[in-house]
file data.txt (compact mmCIF, C-alpha atoms)
# COMPACT_ATOMS: atom_id res chain seq x y z
CA MET A 1307 -31.72 -0.94 43.53
CA THR A 1308 -30.08 1.80 45.54
CA ASP A 1309 -27.73 1.71 48.43
CA ASP A 1310 -28.94 4.80 50.24
CA ARG A 1311 -29.56 3.00 53.53
CA SER A 1312 -25.89 2.45 54.19
CA PRO A 1313 -24.99 3.74 57.64
CA THR A 1314 -21.48 5.01 56.98
CA PRO A 1315 -20.26 7.85 54.78
CA ASP A 1316 -17.76 5.53 53.18
CA ALA A 1317 -20.51 3.23 52.01
CA ASP A 1318 -22.44 6.09 50.47
CA LEU A 1319 -19.20 7.29 49.00
CA SER A 1320 -18.63 4.20 46.89
CA SER A 1321 -22.26 4.10 45.78
CA TYR A 1322 -22.06 7.76 44.80
CA LEU A 1323 -18.82 7.34 42.92
CA LEU A 1324 -20.17 4.33 41.06
CA GLY A 1325 -23.49 5.97 40.21
CA GLU A 1326 -25.50 3.49 42.24
CA LEU A 1327 -27.56 5.95 44.27
CA ASP A 1328 -31.10 6.81 43.20
CA ALA A 1329 -32.07 10.45 42.71
CA GLY A 1330 -33.16 11.02 46.32
CA ALA A 1331 -30.12 9.43 47.87
CA ARG A 1332 -27.88 11.22 45.46
CA ALA A 1333 -29.40 14.58 46.37
CA ARG A 1334 -28.93 13.86 50.07
CA PHE A 1335 -25.35 12.83 49.52
CA GLU A 1336 -24.61 15.95 47.48
CA HIS A 1337 -26.15 18.09 50.16
CA ARG A 1338 -23.80 16.52 52.67
CA LEU A 1339 -20.98 16.91 50.19
CA ALA A 1340 -21.56 20.65 50.03
CA GLU A 1341 -21.16 20.91 53.78
CA ASP A 1342 -18.41 18.40 54.46
CA ALA A 1343 -15.00 19.38 53.14
CA ASP A 1344 -13.43 16.05 54.07
CA LEU A 1345 -16.05 14.11 52.19
CA ARG A 1346 -15.65 16.46 49.23
CA ALA A 1347 -11.93 15.89 49.29
CA GLN A 1348 -12.49 12.13 49.24
CA VAL A 1349 -14.77 12.39 46.23
CA GLU A 1350 -12.28 14.61 44.43
CA ARG A 1351 -9.53 12.12 45.20
CA LEU A 1352 -11.38 9.00 44.09
CA ALA A 1353 -13.59 10.16 41.22
CA PRO A 1354 -10.70 10.35 38.72
CA VAL A 1355 -9.74 6.80 39.66
CA VAL A 1356 -13.23 5.61 38.80
CA THR A 1357 -13.03 7.42 35.47
CA ARG A 1358 -9.71 5.82 34.66
CA LEU A 1359 -11.01 2.37 35.53
CA TYR A 1360 -13.95 2.87 33.19
CA GLU A 1361 -11.49 3.84 30.46
CA LEU A 1362 -9.41 0.68 30.80
CA PRO A 1363 -9.37 -1.42 27.65
CA GLU A 1364 -11.15 -4.73 28.11
CA GLN A 1365 -7.95 -6.51 27.22
CA ALA A 1366 -6.28 -4.95 30.25
CA TRP A 1367 -8.63 -6.84 32.54
CA GLU A 1368 -8.20 -9.97 30.50
CA VAL A 1369 -4.42 -10.04 30.72
CA LEU A 1370 -4.12 -9.30 34.40
CA PRO A 1371 -1.80 -11.91 35.82
CA PRO A 1372 -3.35 -14.84 37.64
CA SER A 1373 -2.58 -13.39 41.05
CA SER A 1374 -5.22 -10.81 40.26
CA GLN A 1375 -7.41 -13.05 38.17
CA PRO A 1376 -8.64 -15.90 40.29
CA SER A 1377 -11.00 -18.55 38.95
CA LYS A 1378 -14.66 -18.09 39.74
CA ALA A 1379 -14.44 -20.44 42.67
CA GLY A 1380 -11.14 -19.00 43.80
CA SER A 1381 -12.34 -15.49 43.21
CA HIS A 1382 -14.97 -15.65 45.88
CA ALA A 1383 -12.67 -17.34 48.31
CA ALA A 1384 -10.12 -14.58 47.74
CA LEU A 1385 -12.72 -11.90 48.24
CA ARG A 1386 -13.98 -13.50 51.41
CA SER A 1387 -10.60 -14.11 52.92
CA GLY A 1388 -8.74 -11.16 51.47
CA ARG A 1389 -5.96 -13.60 50.64
CA ARG A 1390 -4.43 -14.61 47.36
CA ALA A 1391 -6.38 -17.38 45.69
CA TRP A 1392 -3.80 -18.31 43.09
CA LEU A 1393 -0.09 -18.33 43.11
CA PRO A 1394 1.25 -16.49 40.09
CA SER A 1395 2.30 -18.60 37.16
CA LEU A 1396 4.29 -17.51 34.16
CA PRO A 1397 2.32 -16.14 31.27
CA ALA A 1398 2.03 -18.08 28.05
CA ARG A 1399 4.84 -16.22 26.36
CA ARG A 1400 7.42 -17.79 28.59
CA TRP A 1401 9.89 -18.13 25.79
CA VAL A 1402 10.54 -14.41 25.87
CA ALA A 1403 11.75 -14.62 29.43
CA GLY A 1404 13.64 -17.80 28.79
CA GLY A 1405 15.27 -16.42 25.69
CA LEU A 1406 16.24 -13.18 27.29
CA ALA A 1407 17.51 -14.88 30.38
CA ALA A 1408 19.84 -16.78 28.10
CA VAL A 1409 20.81 -13.53 26.42
CA ALA A 1410 21.48 -11.99 29.79
CA LEU A 1411 23.57 -14.94 30.86
CA LEU A 1412 25.77 -14.69 27.86
CA VAL A 1413 26.19 -10.96 27.70
CA ALA A 1414 27.07 -10.87 31.35
CA GLY A 1415 29.61 -13.57 30.79
CA ALA A 1416 28.40 -15.31 33.92
CA GLY A 1417 28.25 -19.02 33.33
CA ALA A 1418 28.73 -18.63 29.61
CA GLY A 1419 31.49 -21.21 29.55
CA ALA A 1420 29.28 -23.79 31.16
CA LEU A 1421 26.50 -23.12 28.72
CA LEU A 1422 28.79 -23.37 25.74
CA GLU A 1423 30.35 -26.54 27.05
CA ARG A 1424 26.99 -28.06 27.63
CA GLY A 1425 26.12 -27.23 24.02
CA ARG A 1426 29.22 -28.94 22.71
CA ASP A 1427 28.68 -32.08 24.69
CA SER A 1428 25.03 -32.50 23.84
CA SER A 1429 24.28 -35.18 21.29
CA VAL A 1430 20.90 -33.84 20.20
CA THR A 1431 21.05 -33.22 16.46
CA ARG A 1432 17.55 -33.37 15.06
CA GLY A 1433 15.81 -30.91 12.77
CA PRO A 1434 16.90 -29.17 9.56
CA GLU A 1435 20.16 -27.29 9.48
CA VAL A 1436 20.69 -23.72 8.35
CA ALA A 1437 24.17 -22.72 7.21
CA LEU A 1438 25.38 -19.17 7.77
CA ALA A 1439 28.03 -17.82 5.42
CA PRO A 1440 30.44 -14.88 5.85
CA PHE A 1441 28.84 -11.53 5.28
CA GLY A 1442 30.35 -8.08 5.27
CA ARG A 1443 33.82 -7.97 6.80
CA ALA A 1444 33.75 -11.46 8.34
CA PRO A 1445 36.89 -13.60 8.00
CA ALA A 1446 36.63 -15.86 4.97
CA GLY A 1447 36.71 -19.04 7.05
CA ALA A 1448 33.99 -17.97 9.48
CA SER A 1449 30.87 -20.06 9.46
CA ALA A 1450 27.94 -21.06 11.57
CA ASN A 1451 25.11 -23.48 11.45
CA ALA A 1452 21.83 -23.59 13.27
CA ARG A 1453 19.68 -26.59 13.92
CA MET A 1454 16.40 -27.00 15.72
CA VAL A 1455 16.95 -29.34 18.64
CA ALA A 1456 13.47 -29.09 20.11
CA PRO A 1457 10.27 -27.26 19.27
CA ASN A 1458 11.14 -23.56 19.36
CA ARG A 1459 14.69 -24.26 20.43
CA MET A 1460 17.70 -23.80 18.18
CA ARG A 1461 21.34 -24.67 18.63
CA LEU A 1462 23.71 -22.24 16.98
CA SER A 1463 27.31 -23.34 16.40
CA VAL A 1464 29.86 -20.78 15.31
CA GLU A 1465 33.32 -21.51 13.92
CA ASP A 1466 36.31 -19.29 13.29
CA LEU A 1467 34.87 -16.01 14.44
CA PRO A 1468 37.41 -13.63 16.00
CA PRO A 1469 37.32 -13.63 19.81
CA SER A 1470 34.89 -11.00 21.07
CA PRO A 1471 36.78 -7.71 21.29
CA ALA A 1472 36.66 -5.89 24.63
CA GLY A 1473 33.36 -4.03 24.97
CA SER A 1474 31.78 -6.03 22.19
CA TYR A 1475 29.73 -9.13 21.82
CA TYR A 1476 28.04 -11.10 19.09
CA GLU A 1477 24.30 -11.17 18.68
CA ALA A 1478 22.04 -13.46 16.67
CA TRP A 1479 18.99 -11.97 14.99
CA LEU A 1480 15.97 -13.07 13.03
CA LEU A 1481 15.48 -10.82 10.03
CA ASP A 1482 12.68 -10.18 7.63
CA GLY A 1483 13.74 -7.01 5.91
CA PRO A 1484 14.74 -3.76 7.58
CA GLY A 1485 11.47 -3.36 9.43
CA ARG A 1486 11.54 -6.70 11.20
CA VAL A 1487 14.65 -7.46 13.18
CA VAL A 1488 14.45 -9.41 16.41
CA PRO A 1489 17.37 -10.30 18.69
CA VAL A 1490 17.37 -13.92 19.80
CA ALA A 1491 20.68 -14.41 21.58
CA ALA A 1492 23.88 -12.66 22.49
CA PHE A 1493 27.10 -14.52 23.04
CA SER A 1494 30.81 -14.16 23.33
CA VAL A 1495 33.55 -16.02 21.45
CA GLY A 1496 36.71 -17.07 23.23
CA PRO A 1497 40.26 -17.66 22.03
CA ASP A 1498 39.22 -20.97 20.43
CA ARG A 1499 37.12 -18.87 18.01
CA ARG A 1500 34.11 -21.12 18.55
CA ALA A 1501 30.80 -20.89 20.33
CA VAL A 1502 27.78 -23.11 20.73
CA VAL A 1503 24.58 -21.58 22.04
CA GLU A 1504 21.14 -23.03 22.52
CA VAL A 1505 18.50 -20.43 21.94
CA PRO A 1506 14.77 -20.40 22.61
CA LEU A 1507 13.00 -18.99 19.55
CA PRO A 1508 9.81 -16.97 19.25
CA ALA A 1509 6.75 -19.03 18.56
CA ALA A 1510 6.44 -17.50 15.10
CA ALA A 1511 10.08 -17.81 14.11
CA ASP A 1512 9.06 -19.20 10.74
CA ARG A 1513 7.91 -15.73 9.74
CA TYR A 1514 11.51 -14.63 9.38
CA ARG A 1515 13.66 -15.16 6.32
CA PHE A 1516 17.20 -14.85 7.63
CA LEU A 1517 19.32 -15.71 10.61
CA ASP A 1518 22.01 -13.12 11.09
CA ILE A 1519 24.97 -12.67 13.45
CA SER A 1520 26.29 -9.19 14.10
CA LEU A 1521 29.03 -7.65 16.17
CA GLN A 1522 27.49 -5.37 18.79
CA HIS A 1523 29.04 -2.86 21.14
CA VAL A 1524 28.14 -2.62 24.82
CA GLY A 1525 26.39 0.65 25.56
CA ALA A 1526 25.65 1.42 21.92
CA GLY A 1527 21.97 0.61 22.17
CA THR A 1528 19.94 -2.46 21.44
CA ALA A 1529 19.41 -1.98 17.73
CA HIS A 1530 21.24 -4.05 15.17
CA SER A 1531 24.66 -2.44 14.72
CA GLY A 1532 24.60 -2.94 10.97
CA ASP A 1533 27.83 -4.86 11.27
CA SER A 1534 26.64 -8.29 10.13
CA LEU A 1535 29.28 -11.01 9.98
CA LEU A 1536 27.32 -14.14 9.16
CA ARG A 1537 23.98 -14.70 7.55
CA GLY A 1538 21.91 -17.62 6.35
CA ALA A 1539 18.52 -18.01 4.73
CA LEU A 1540 15.81 -19.77 6.71
CA SER A 1541 13.79 -22.05 4.52
CA MET B 1165 -11.52 -5.59 58.89
CA LEU B 1166 -8.23 -5.51 60.79
CA HIS B 1167 -7.46 -8.86 59.27
CA ASP B 1168 -8.04 -7.38 55.79
CA VAL B 1169 -5.78 -4.44 56.55
CA ASP B 1170 -3.03 -6.76 57.78
CA ASP B 1171 -3.36 -8.89 54.67
CA ALA B 1172 -3.23 -5.86 52.40
CA ARG B 1173 -0.15 -4.57 54.19
CA ALA B 1174 1.53 -7.95 53.99
CA GLN B 1175 0.79 -8.17 50.26
CA SER B 1176 2.06 -4.66 49.76
CA ARG B 1177 5.28 -5.47 51.62
CA ARG B 1178 5.74 -8.60 49.52
CA ALA B 1179 5.24 -6.58 46.33
CA GLN B 1180 7.76 -4.01 47.49
CA ARG B 1181 10.26 -6.73 48.33
CA ARG B 1182 9.75 -8.26 44.87
CA ASP B 1183 10.36 -4.89 43.24
CA ARG B 1184 13.48 -4.27 45.28
CA ARG B 1185 14.78 -7.71 44.38
CA LEU B 1186 14.06 -7.07 40.72
CA ILE B 1187 15.79 -3.69 40.80
CA ARG B 1188 18.86 -5.21 42.43
CA ALA B 1189 18.89 -7.96 39.81
CA LEU B 1190 18.62 -5.43 36.99
CA ARG B 1191 21.38 -3.29 38.41
CA ARG B 1192 23.83 -6.15 38.47
CA GLN B 1193 22.47 -7.54 35.18
CA ASP B 1194 21.53 -10.76 36.85
CA PRO B 1195 20.34 -13.29 34.25
CA SER B 1196 17.17 -13.86 36.27
CA ALA B 1197 16.13 -10.21 36.02
CA ILE B 1198 14.44 -10.54 32.66
CA ALA B 1199 12.43 -13.53 33.76
CA GLN B 1200 11.34 -11.65 36.87
CA LEU B 1201 10.45 -8.61 34.81
CA GLN B 1202 8.53 -10.73 32.34
CA GLU B 1203 6.60 -12.38 35.12
CA ARG B 1204 5.82 -9.13 36.86
CA HIS B 1205 5.02 -6.82 33.95
CA GLY B 1206 5.21 -8.88 30.74
CA ALA B 1207 1.49 -9.33 30.24
CA MET B 1208 0.82 -5.64 30.75
CA LEU B 1209 3.62 -4.63 28.42
CA LEU B 1210 2.40 -7.00 25.75
CA GLY B 1211 -1.15 -5.70 26.15
CA TYR B 1212 0.03 -2.13 25.82
CA LEU B 1213 2.22 -2.85 22.81
CA THR B 1214 -0.54 -4.82 21.12
CA GLY B 1215 -2.87 -1.89 21.67
CA VAL B 1216 -0.37 0.56 20.19
CA LEU B 1217 0.81 -1.56 17.29
CA GLY B 1218 -2.46 -3.29 16.50
CA ASP B 1219 -0.71 -6.55 15.80
CA ARG B 1220 0.18 -9.13 18.40
CA ALA B 1221 3.11 -10.66 16.53
CA THR B 1222 4.80 -7.29 16.10
CA ALA B 1223 4.02 -6.47 19.71
CA GLU B 1224 5.79 -9.66 20.79
CA ASP B 1225 8.84 -8.64 18.80
CA VAL B 1226 8.85 -5.17 20.30
CA LEU B 1227 8.34 -6.63 23.76
CA GLN B 1228 11.44 -8.72 23.33
CA VAL B 1229 13.42 -5.69 22.20
CA THR B 1230 12.03 -3.73 25.16
CA LEU B 1231 13.00 -6.36 27.70
CA THR B 1232 16.46 -6.62 26.20
CA GLU B 1233 16.90 -2.88 26.46
CA VAL B 1234 15.64 -2.83 30.04
CA TRP B 1235 18.16 -5.48 30.94
CA GLN B 1236 20.99 -3.70 29.16
CA ARG B 1237 20.17 -0.37 30.79
CA GLY B 1238 19.48 -1.94 34.18
CA PRO B 1239 22.73 -0.82 35.87
CA GLY B 1240 21.84 2.80 35.11
CA TYR B 1241 18.29 2.66 36.43
CA ASP B 1242 17.67 5.27 39.12
CA PRO B 1243 14.57 4.63 41.27
CA ALA B 1244 14.68 8.25 42.43
CA ARG B 1245 13.83 9.43 38.92
CA ALA B 1246 10.98 7.06 38.12
CA SER B 1247 9.39 3.94 39.43
CA LEU B 1248 10.43 0.72 37.79
CA LEU B 1249 7.03 0.36 36.14
CA THR B 1250 7.14 3.87 34.70
CA TRP B 1251 10.69 3.41 33.49
CA VAL B 1252 9.93 0.11 31.79
CA MET B 1253 6.76 1.43 30.21
CA MET B 1254 8.55 4.49 28.89
CA ILE B 1255 11.08 2.23 27.21
CA ALA B 1256 8.23 0.20 25.73
CA ARG B 1257 6.64 3.42 24.53
CA SER B 1258 9.84 4.51 22.81
CA ARG B 1259 10.29 1.19 21.07
CA ALA B 1260 6.63 1.19 20.03
CA LEU B 1261 7.02 4.65 18.52
CA ASP B 1262 10.15 3.48 16.72
CA GLN B 1263 8.14 0.64 15.29
CA LEU B 1264 5.29 2.93 14.24
CA ARG B 1265 7.64 5.40 12.58
CA ARG B 1266 9.33 2.59 10.75
CA ARG B 1267 6.01 1.26 9.64
CA VAL B 1268 4.38 4.48 8.47
CA PRO B 1269 5.76 4.54 4.95
CA GLU B 1270 4.97 0.91 4.37
CA PRO B 1271 2.32 -0.60 6.60
CA HIS B 1272 2.55 -4.37 6.36
CA ASP B 1273 -1.07 -5.09 7.02
CA PRO B 1274 -3.61 -2.32 6.44
CA GLU B 1275 -6.30 -4.46 8.02
CA THR B 1276 -4.57 -4.62 11.35
CA ALA B 1277 -2.52 -1.44 11.28
CA THR B 1278 -4.01 0.88 13.85
CA THR B 1279 -5.53 4.22 13.14
CA LEU B 1280 -2.34 5.67 14.58
CA LEU B 1281 -0.86 5.32 11.15
CA ASP B 1282 -3.33 7.78 9.71
CA ARG B 1283 -2.19 10.55 11.94
CA ASP B 1284 0.80 12.78 12.06
CA ALA B 1285 3.65 12.07 14.41
CA SER B 1286 2.35 14.18 17.27
CA GLY B 1287 -1.12 12.71 16.93
CA ALA B 1288 0.29 9.22 17.09
CA GLY B 1289 2.35 10.18 20.12
CA THR B 1290 -0.73 11.47 21.90
CA GLU B 1291 -2.61 8.29 21.20
CA VAL B 1292 0.33 6.19 22.31
CA ASP B 1293 0.53 8.18 25.53
CA ALA B 1294 -3.18 7.77 26.21
CA LEU B 1295 -2.78 4.02 25.85
CA LEU B 1296 0.32 4.14 28.01
CA ASP B 1297 -1.66 5.87 30.73
CA ARG B 1298 -4.40 3.25 30.60
CA TRP B 1299 -2.03 0.33 30.67
CA GLN B 1300 -0.13 1.86 33.55
CA VAL B 1301 -3.36 1.84 35.49
CA ALA B 1302 -3.79 -1.80 34.50
CA ALA B 1303 -0.28 -2.59 35.69
CA LEU B 1304 -0.98 -0.93 39.02
CA LEU B 1305 -4.01 -3.14 39.49
CA THR B 1306 -1.62 -6.04 39.80
CA GLN B 1307 -0.12 -4.34 42.85
CA LEU B 1308 -3.40 -4.25 44.72
CA PRO B 1309 -4.27 -6.95 47.22
CA THR B 1310 -5.97 -9.75 45.31
CA ALA B 1311 -9.34 -9.27 46.99
CA GLU B 1312 -9.42 -5.59 46.05
CA ALA B 1313 -8.29 -6.17 42.48
CA GLU B 1314 -10.96 -8.82 42.08
CA LEU B 1315 -13.58 -6.49 43.46
CA LEU B 1316 -12.65 -3.86 40.88
CA ARG B 1317 -12.73 -6.49 38.16
CA LEU B 1318 -16.24 -7.53 39.11
CA ARG B 1319 -17.38 -3.92 39.12
CA PHE B 1320 -15.58 -2.40 36.16
CA TYR B 1321 -15.11 -5.39 33.90
CA ARG B 1322 -18.04 -7.64 34.74
CA GLY B 1323 -20.28 -4.65 35.29
CA LEU B 1324 -21.81 -5.89 38.54
CA THR B 1325 -23.26 -3.47 41.05
CA GLN B 1326 -21.99 -3.63 44.60
CA ARG B 1327 -25.19 -5.36 45.64
CA GLU B 1328 -24.71 -7.98 42.91
CA ILE B 1329 -21.11 -8.46 43.98
CA ALA B 1330 -22.28 -9.01 47.55
CA ALA B 1331 -24.84 -11.55 46.38
CA ARG B 1332 -22.36 -13.35 44.20
CA THR B 1333 -19.54 -13.49 46.71
CA GLY B 1334 -21.49 -13.90 49.92
CA LEU B 1335 -19.84 -10.84 51.42
CA PRO B 1336 -21.97 -8.38 53.39
CA LEU B 1337 -22.89 -5.36 51.27
CA GLY B 1338 -21.23 -3.07 53.79
CA THR B 1339 -17.97 -4.96 53.42
CA VAL B 1340 -18.13 -4.73 49.63
CA LYS B 1341 -18.64 -0.99 49.85
CA MET B 1342 -15.89 -0.50 52.38
CA ARG B 1343 -13.48 -2.59 50.39
CA MET B 1344 -14.44 -0.74 47.19
CA VAL B 1345 -13.40 2.56 48.76
CA GLN B 1346 -10.21 0.98 50.06
CA ALA B 1347 -9.39 -0.38 46.60
CA LEU B 1348 -10.02 2.95 44.89
CA ASP B 1349 -8.01 4.76 47.53
CA ARG B 1350 -5.10 2.37 47.30
CA LEU B 1351 -5.10 2.65 43.51
CA ARG B 1352 -5.12 6.42 43.80
CA THR B 1353 -2.09 6.25 46.08
CA LEU B 1354 -0.29 4.05 43.59
CA LEU B 1355 -1.18 6.45 40.77
CA ASP B 1356 0.16 9.37 42.80
CA GLU B 1357 3.37 7.49 43.43
CA GLU B 1358 3.74 6.87 39.70
CA ALA B 1359 3.06 10.47 38.74
CA PRO B 1360 6.16 12.33 37.54
call {"tool": "encode", "arguments": {"input": "data.txt", "output": "structure tokens"}}
result
Amino acid sequence: MTDDRSPTPDADLSSYLLGELDAGARARFEHRLAEDADLRAQVERLAPVVTRLYELPEQAWEVLPPSSQPSKAGSHAALRSGRRAWLPSLPARRWVAGGLAAVALLVAGAGAGALLERGRDSSVTRGPEVALAPFGRAPAGASANARMVAPNRMRLSVEDLPPSPAGSYYEAWLLDGPGRVVPVAAFSVGPDRRAVVEVPLPAAADRYRFLDISLQHVGAGTAHSGDSLLRGALS
Amino acid sequence: MLHDVDDARAQSRRAQRRDRRLIRALRRQDPSAIAQLQERHGAMLLGYLTGVLGDRATAEDVLQVTLTEVWQRGPGYDPARASLLTWVMMIARSRALDQLRRRVPEPHDPETATTLLDRDASGAGTEVDALLDRWQVAALLTQLPTAEAELLRLRFYRGLTQREIAARTGLPLGTVKMRMVQALDRLRTLLDEEAP
């Protein structure tokens, strides 16, 4: 089926670009192309776009957010109306955003007190506990424990850590050897030398062997500083 | 047709407003910035990282590191130097390369490790950049008006001809063709805006 009867150049243009013209229609279009500089310019502008769309990995189409991926029924309605068929919803990996929002909250210092206070007052104490012991140059009395308080949600309580020095903060990490280090929360410690943080965890947190707390420096990059102060084995 | 143009413009303005809001949030390290970023570009970033690293779990880890870095560097982001999308994807690229370099001496899973590991550093970089380019195109698709993005999906992913799209959607063939050109043209404009 060819589309050579289309009355407008634009219509022939899309059919040409998409390879939907039969040989006769294609020859006529190319004849016109040779004589029409504007049309030629349009082809030159759009042909690379077509090529790049053909090169897109299938997964790219599959992970397009819902605002661009309406249901079959919604799809046609969107095409007919030109309006959005779905409102965007958060992707499945929402924990990443949630976790990092918590990280952001704490590093920024905004509302950190409220979050910590809320942690202290909460009475939820279910799930196994992981004890973190001093590591490296941590004060001998420093300690922490972590307990799952909901699926994929951990409460980390820290005791007797020095107050966060200016320009520094503490960060909790999941470790599985040097190649696998994932930050899960950043937090500050006040003059009372304590902190309680509730942290969303990655879905596959059980793949990691250690929970680690390091001292990090603002502006020194996002990698683990190497300055671990507390560490506990996850079992 | 005028209605379509108005809708497309309105969607474009909304997208621009969202981006400006996100940039402001990143600059002041607003806690909501990461969630906004995740919602806007998270799926694309994860797709890209999974493509580069060949392993979804590792890609999720690197995505988290990437988003953290974006948030931490947010106050220094300069829209005059690169669009937000380009900037974020370049950070993802760097972290992906870090991960690949770290992994080269000791690939954890030869079954899932990508062929990138078999190449030298420059070869891997080229491959990573090719994937970056493709996923940037994918990310730009999300900035198209929904109707145009869906049209491209039906054509380039579902493999329907314009006539089949018209039959399936009930749109006149002429409208499908017109909108196809509009979609390609708008995507080209977005690509030009992203070009360094």
call {"tool": "closest_residue", "arguments": {"input": "data.txt", "among": "B:Thr1333, B:Thr1325, B:Ser1196, B:Gln1307", "to": "Ala1174 (chain B)", "atoms": "only C-alpha atoms"}}
result
B:Gln1307
call {"tool": "atom_distance", "arguments": {"input": "data.txt", "atom1": "CA of Ala1437 (chain A)", "atom2": "CA of Leu1536 (chain A)"}}
result
9.3 Å
call {"tool": "closest_residue", "arguments": {"input": "data.txt", "among": "B:Arg1322, B:Arg1245, B:Arg1298, B:Arg1185", "to": "Leu1201 (chain B)", "atoms": "all atoms listed in the file"}}
result
B:Arg1185
call {"tool": "residues_around", "arguments": {"input": "data.txt", "residues": "region 1248-1263 of chain B", "least_positions_apart": "3", "cutoff": "8 Å", "atoms": "all atoms listed in the file", "output": "list in words"}}
result
Gly1485 of chain A; Asp1183, Ile1187, His1205, Leu1209, Leu1213, Val1216, Leu1217, Val1226, Leu1227, Val1229, Thr1230, Glu1233, Val1234, Pro1243, Arg1266, Arg1267, Gly1289, Val1292, Asp1293, Leu1296, Gln1300, Ala1303 and Glu1358 of chain B
call {"tool": "closest_residue", "arguments": {"input": "data.txt", "among": "B:Leu1186, B:Leu1348, B:Ala1330, B:Ala1246", "to": "chain A", "atoms": "only C-alpha atoms"}}
result
B:Leu1348
call {"tool": "interface_residues", "arguments": {"input": "data.txt", "of": "chain B", "to": "chain A", "cutoff": "7 Å", "atoms": "only C-alpha atoms", "output": "PyMOL selection string"}}
result
chain B and resi 1168+1171+1193+1195-1196+1198-1199+1202-1203+1207-1208+1211+1225+1228-1229+1232-1233+1266+1298-1299+1302+1306+1310-1311+1313-1314+1317+1320-1321+1333+1335+1338+1341-1342+1344-1345+1348-1349+1352
call {"tool": "write_last_selection", "arguments": {"input": "data.txt", "atoms": "C-alpha atoms", "output": "PDB file, keeping the file's coordinate frame"}}
result
ATOM      1  CA  ASP B1168      -8.040  -7.380  55.790  1.00  0.00           C
ATOM      2  CA  ASP B1171      -3.360  -8.890  54.670  1.00  0.00           C
ATOM      3  CA  GLN B1193      22.470  -7.540  35.180  1.00  0.00           C
ATOM      4  CA  PRO B1195      20.340 -13.290  34.250  1.00  0.00           C
ATOM      5  CA  SER B1196      17.170 -13.860  36.270  1.00  0.00           C
ATOM      6  CA  ILE B1198      14.440 -10.540  32.660  1.00  0.00           C
ATOM      7  CA  ALA B1199      12.430 -13.530  33.760  1.00  0.00           C
ATOM      8  CA  GLN B1202       8.530 -10.730  32.340  1.00  0.00           C
ATOM      9  CA  GLU B1203       6.600 -12.380  35.120  1.00  0.00           C
ATOM     10  CA  ALA B1207       1.490  -9.330  30.240  1.00  0.00           C
ATOM     11  CA  MET B1208       0.820  -5.640  30.750  1.00  0.00           C
ATOM     12  CA  GLY B1211      -1.150  -5.700  26.150  1.00  0.00           C
ATOM     13  CA  ASP B1225       8.840  -8.640  18.800  1.00  0.00           C
ATOM     14  CA  GLN B1228      11.440  -8.720  23.330  1.00  0.00           C
ATOM     15  CA  VAL B1229      13.420  -5.690  22.200  1.00  0.00           C
ATOM     16  CA  THR B1232      16.460  -6.620  26.200  1.00  0.00           C
ATOM     17  CA  GLU B1233      16.900  -2.880  26.460  1.00  0.00           C
ATOM     18  CA  ARG B1266       9.330   2.590  10.750  1.00  0.00           C
ATOM     19  CA  ARG B1298      -4.400   3.250  30.600  1.00  0.00           C
ATOM     20  CA  TRP B1299      -2.030   0.330  30.670  1.00  0.00           C
ATOM     21  CA  ALA B1302      -3.790  -1.800  34.500  1.00  0.00           C
ATOM     22  CA  THR B1306      -1.620  -6.040  39.800  1.00  0.00           C
ATOM     23  CA  THR B1310      -5.970  -9.750  45.310  1.00  0.00           C
ATOM     24  CA  ALA B1311      -9.340  -9.270  46.990  1.00  0.00           C
ATOM     25  CA  ALA B1313      -8.290  -6.170  42.480  1.00  0.00           C
ATOM     26  CA  GLU B1314     -10.960  -8.820  42.080  1.00  0.00           C
ATOM     27  CA  ARG B1317     -12.730  -6.490  38.160  1.00  0.00           C
ATOM     28  CA  PHE B1320     -15.580  -2.400  36.160  1.00  0.00           C
ATOM     29  CA  TYR B1321     -15.110  -5.390  33.900  1.00  0.00           C
ATOM     30  CA  THR B1333     -19.540 -13.490  46.710  1.00  0.00           C
ATOM     31  CA  LEU B1335     -19.840 -10.840  51.420  1.00  0.00           C
ATOM     32  CA  GLY B1338     -21.230  -3.070  53.790  1.00  0.00           C
ATOM     33  CA  LYS B1341     -18.640  -0.990  49.850  1.00  0.00           C
ATOM     34  CA  MET B1342     -15.890  -0.500  52.380  1.00  0.00           C
ATOM     35  CA  MET B1344     -14.440  -0.740  47.190  1.00  0.00           C
ATOM     36  CA  VAL B1345     -13.400   2.560  48.760  1.00  0.00           C
ATOM     37  CA  LEU B1348     -10.020   2.950  44.890  1.00  0.00           C
ATOM     38  CA  ASP B1349      -8.010   4.760  47.530  1.00  0.00           C
ATOM     39  CA  ARG B1352      -5.120   6.420  43.800  1.00  0.00           C
TER      40      ARG B1352
END
call {"tool": "atom_distance", "arguments": {"input": "data.txt", "atom1": "CA of Ile1329 (chain B)", "atom2": "CA of Leu1355 (chain B)"}}
result
25.1 Å
